[in-house]
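> The structure follows.
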Amino acid sequence: MRYFADPYEAWELAWARPDQRLRPGVVQYRGYRLSLGKPRRRLEVPDGAVTLVLSFDGQLRTNDIGDTSGRRAERAPGEHRSSLLSALRTRATLGEHSGRMYGMEVTLTPWAAYTLFGVAMHEWAERIIDPADLVGGRVNQLTEALACLPDWEQRFRLLDTTLGLWWEKGPAYSPRVVWAWRELLRTAGAVPIRRVSAQTGWGWRQCENRFLQQIGLPPKAVARIMRLHRALRLLSEGNTATLTALACSFSDQAHMSREIRRMTGFPPSRLLPARMPVAANPLHDRIPGQVTSFALPRSGRAGLCEILQDNTVTRPQGCVAEGAGATPARQAITMHGNHRDKGEDQ
């Protein structure tokens with residue numbers, strides 16, 4: 001288990017790897033307690049994972065951003081949730097909370113979510129839902145049991161035990177689907193989809209149907225997510241847009257910019273400045289080694305309006321357009337935290 005804490009008790013985070021029988025489908029556990037004193041807004045980009053959030057205290061407001069068709073999205077106002085379950089998604093989400101949150105997060109591959117929850121993934125693809133709506137009261141019972149335990153180590157053990165039971169009772173995933181998923185991950189979505197289908201031994205249509213059942217999206221959509229991963233990582237590391245587009249198999253830089261905007265709501269020139277320095281910031285990306293999150297202003301309407309000026313989300317009342325005095329108010333949480341490892345990762 002890895003543990004981080006702020007000496008001023010503003011936050012604590014704990015990570016653990018799941019039991020070996022659940023890996024690699026169950027990727028990681030994360031526990032968090034935040035008492036930041038100010039609201040927090042983050043843009044969560046498509047990350048290729050299914051996320052189960054089990055909340056002990058606090059609510060998260062979520063808004064969809066981006067438009068997979070290239071058109072501006074019409075959407076309902078943001079929803080407030082405690083616990084939530086986020087499927088594999090091809091568009092970004094704006095998450096907002098008061099600064100006070102306490103709970104746990106389980107990161108899953110889609111095919112592992114299919115086995116754990118026993119529901120075809122296409123039935124809730126691209127959505128963020130209340131987990132009880134999908135699997136009933138067992139998630140609420142697990143959340144209550146976790147909240148009653150005194151420390152993170154005991155909570156991680158209970159997750160291992162409970163998810164292990166769900167795993168044994170769930171439908172089996174196809175090893176051929178898992179192989180195809182890993183091939184798309186390995187190549188960052190650059191491999192031709194028909195080649196992947198042929199190597200599974202299925203026809204193209206049968207492969208797509210199996211992906212819809214056990215992943216939630218067709219292989220082409222999964223490839224888009226994998227390619228976005230690589231592009232954002234390379235750009236965040238300081239690589240030029242031209243070289244990044246070439247490395248990620250985009251036809252040119254303009255093609256890459258259009259795709260990033262479709263999936264995140266912003267072109268790279270506006271998205272990357274919102275990226276906080278993260279080298280020593282355990283509060284930032286939710287999945288180690290991936291670019292998952294971008295900080296947005298936590299206070300002030302003007303700064304938020306400038307970042308959201310493209311109207312991919314509803315502009316709050318009173319916002320002014322760019323050029324009319326709106327200025328982004330970027331603030332970073334100063335890390336004064338202590339870090340220590342508790343034993344070896346399992």
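Letters for chains follow the order of the structure tokens (A, B, ...), residue numbers begin at 1 for each chain, and ligand numbers begin at 1 in the order shown.
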Hey, what does DSSP flag as strand (DSSP E) within region 59-278 of chain A? Can you give it to me as an MDAnalysis selection string?
chainID A and resid 60:65 79:81 84:86 92:97 100:108 128:129
> Would you tabulate, counting only C-alpha atoms, all residues of region 12-97 of chain A that have an atom at most 9 Å from an atom of region 152-157 of chain A, showing the closest pair of atoms and their distance in Å to one decimal, sorted by chain then ascending number, as a tab-separated table?

```
residue	atom	partner	partner_atom	distance
A:Ala14	CA	A:Trp152	CA	7.0
A:Trp15	CA	A:Trp152	CA	8.8
A:Ala16	CA	A:Phe156	CA	7.1
A:Arg17	CA	A:Phe156	CA	8.7
A:Pro18	CA	A:Phe156	CA	7.8
A:Asp19	CA	A:Arg157	CA	8.5
A:Tyr29	CA	A:Phe156	CA	7.2
A:Arg30	CA	A:Phe156	CA	8.7
A:Gly31	CA	A:Trp152	CA	6.9
```
> For the residues in that selection, give me all heavy atoms as a compact mmCIF listing (two decimals), in the first residue's frame.

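Heads up, here's the output in result-v4.txt:
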```txt
# COMPACT_ATOMS: atom_id res chain seq x y z
N ALA A 14 -4.55 6.99 -0.29
CA ALA A 14 -3.93 5.68 -0.17
C ALA A 14 -4.22 4.88 -1.44
O ALA A 14 -5.34 4.94 -1.96
CB ALA A 14 -4.46 4.94 1.06
N TRP A 15 -3.22 4.18 -1.94
CA TRP A 15 -3.38 3.32 -3.11
C TRP A 15 -2.99 1.89 -2.75
O TRP A 15 -2.09 1.66 -1.93
CB TRP A 15 -2.45 3.76 -4.24
CG TRP A 15 -2.89 4.91 -5.06
CD1 TRP A 15 -3.63 4.89 -6.21
CD2 TRP A 15 -2.57 6.28 -4.85
NE1 TRP A 15 -3.81 6.15 -6.70
CE2 TRP A 15 -3.17 7.02 -5.89
CE3 TRP A 15 -1.84 6.96 -3.88
CZ2 TRP A 15 -3.05 8.41 -5.98
CZ3 TRP A 15 -1.72 8.34 -3.96
CH2 TRP A 15 -2.32 9.04 -5.00
N ALA A 16 -3.63 0.93 -3.39
CA ALA A 16 -3.24 -0.47 -3.23
C ALA A 16 -3.55 -1.23 -4.51
O ALA A 16 -4.50 -0.89 -5.23
CB ALA A 16 -3.98 -1.11 -2.05
N ARG A 17 -2.76 -2.24 -4.77
CA ARG A 17 -3.04 -3.15 -5.88
C ARG A 17 -3.99 -4.23 -5.39
O ARG A 17 -3.86 -4.74 -4.27
CB ARG A 17 -1.76 -3.79 -6.40
CG ARG A 17 -0.77 -2.80 -7.00
CD ARG A 17 0.46 -3.51 -7.53
NE ARG A 17 0.14 -4.30 -8.72
CZ ARG A 17 1.00 -5.16 -9.27
NH1 ARG A 17 2.19 -5.36 -8.72
NH2 ARG A 17 0.66 -5.82 -10.34
N PRO A 18 -4.96 -4.62 -6.20
CA PRO A 18 -5.89 -5.67 -5.80
C PRO A 18 -5.19 -7.02 -5.65
O PRO A 18 -4.05 -7.21 -6.09
CB PRO A 18 -6.90 -5.69 -6.95
CG PRO A 18 -6.76 -4.36 -7.62
CD PRO A 18 -5.32 -3.99 -7.48
N ASP A 19 -5.91 -7.94 -5.04
CA ASP A 19 -5.43 -9.31 -4.92
C ASP A 19 -5.10 -9.88 -6.30
O ASP A 19 -5.75 -9.55 -7.29
CB ASP A 19 -6.50 -10.16 -4.23
CG ASP A 19 -6.01 -11.56 -3.94
OD1 ASP A 19 -5.38 -11.77 -2.90
OD2 ASP A 19 -6.28 -12.45 -4.78
N TYR A 29 -6.96 0.16 -6.37
CA TYR A 29 -7.85 0.76 -5.39
C TYR A 29 -7.24 2.09 -4.96
O TYR A 29 -6.02 2.23 -4.84
CB TYR A 29 -7.98 -0.10 -4.13
CG TYR A 29 -8.46 -1.51 -4.34
CD1 TYR A 29 -7.92 -2.55 -3.57
CD2 TYR A 29 -9.46 -1.83 -5.25
CE1 TYR A 29 -8.36 -3.86 -3.72
CE2 TYR A 29 -9.90 -3.13 -5.42
CZ TYR A 29 -9.34 -4.15 -4.65
OH TYR A 29 -9.77 -5.44 -4.80
N ARG A 30 -8.12 3.05 -4.67
CA ARG A 30 -7.64 4.34 -4.16
C ARG A 30 -8.60 4.81 -3.08
O ARG A 30 -9.81 4.84 -3.29
CB ARG A 30 -7.57 5.37 -5.28
CG ARG A 30 -6.91 6.69 -4.87
CD ARG A 30 -6.67 7.60 -6.07
NE ARG A 30 -7.91 8.18 -6.55
CZ ARG A 30 -8.10 9.50 -6.70
NH1 ARG A 30 -7.13 10.34 -6.41
NH2 ARG A 30 -9.24 9.96 -7.16
N GLY A 31 -8.06 5.18 -1.94
CA GLY A 31 -8.85 5.78 -0.88
C GLY A 31 -8.47 7.24 -0.74
O GLY A 31 -7.31 7.61 -0.92
```
> Can I get the residues of region 68-158 of chain A within 6 Å of region 213-236 of chain A, each with the closest pair of atoms and their distance in Å to one decimal, using only C-alpha atoms, sorted chain first then ascending number, as CSV?

```
residue,atom,partner,partner_atom,distance
A:Pro110,CA,A:Ile215,CA,4.9
A:Trp111,CA,A:Gln214,CA,5.2
A:Tyr114,CA,A:Gln214,CA,5.6
A:Ala120,CA,A:Gln213,CA,4.9
A:Met121,CA,A:Gly216,CA,4.2
A:His122,CA,A:Gly216,CA,4.1
A:Ala125,CA,A:Gly216,CA,5.2
```
> One decimal, Å: what's the distance from CA of Leu60 (chain A) over to CA of Ala112 (chain A), could you say?
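Straight-line distance from CA of Leu60 (chain A) to CA of Ala112 (chain A) works out to 24.7 Å.
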> Which residues are near Arg81 (chain A)? Cut-off 10 Å, only C-alpha atoms, ignore same chain within fewer than 5 positions. Put them as a list of chain:residue names.
A:Val53, A:Ser55, A:Gly58, A:Gln59, A:Leu60, A:Arg61, A:Thr62, A:Ile128, A:Ile129, A:Asp130
> Can you list, as a count of residues only, every protein, DNA or RNA residue that comes within 8 Å of Thr109 (chain A) when you count only C-alpha atoms, leaving out same-chain residues fewer than 2 positions away?
10
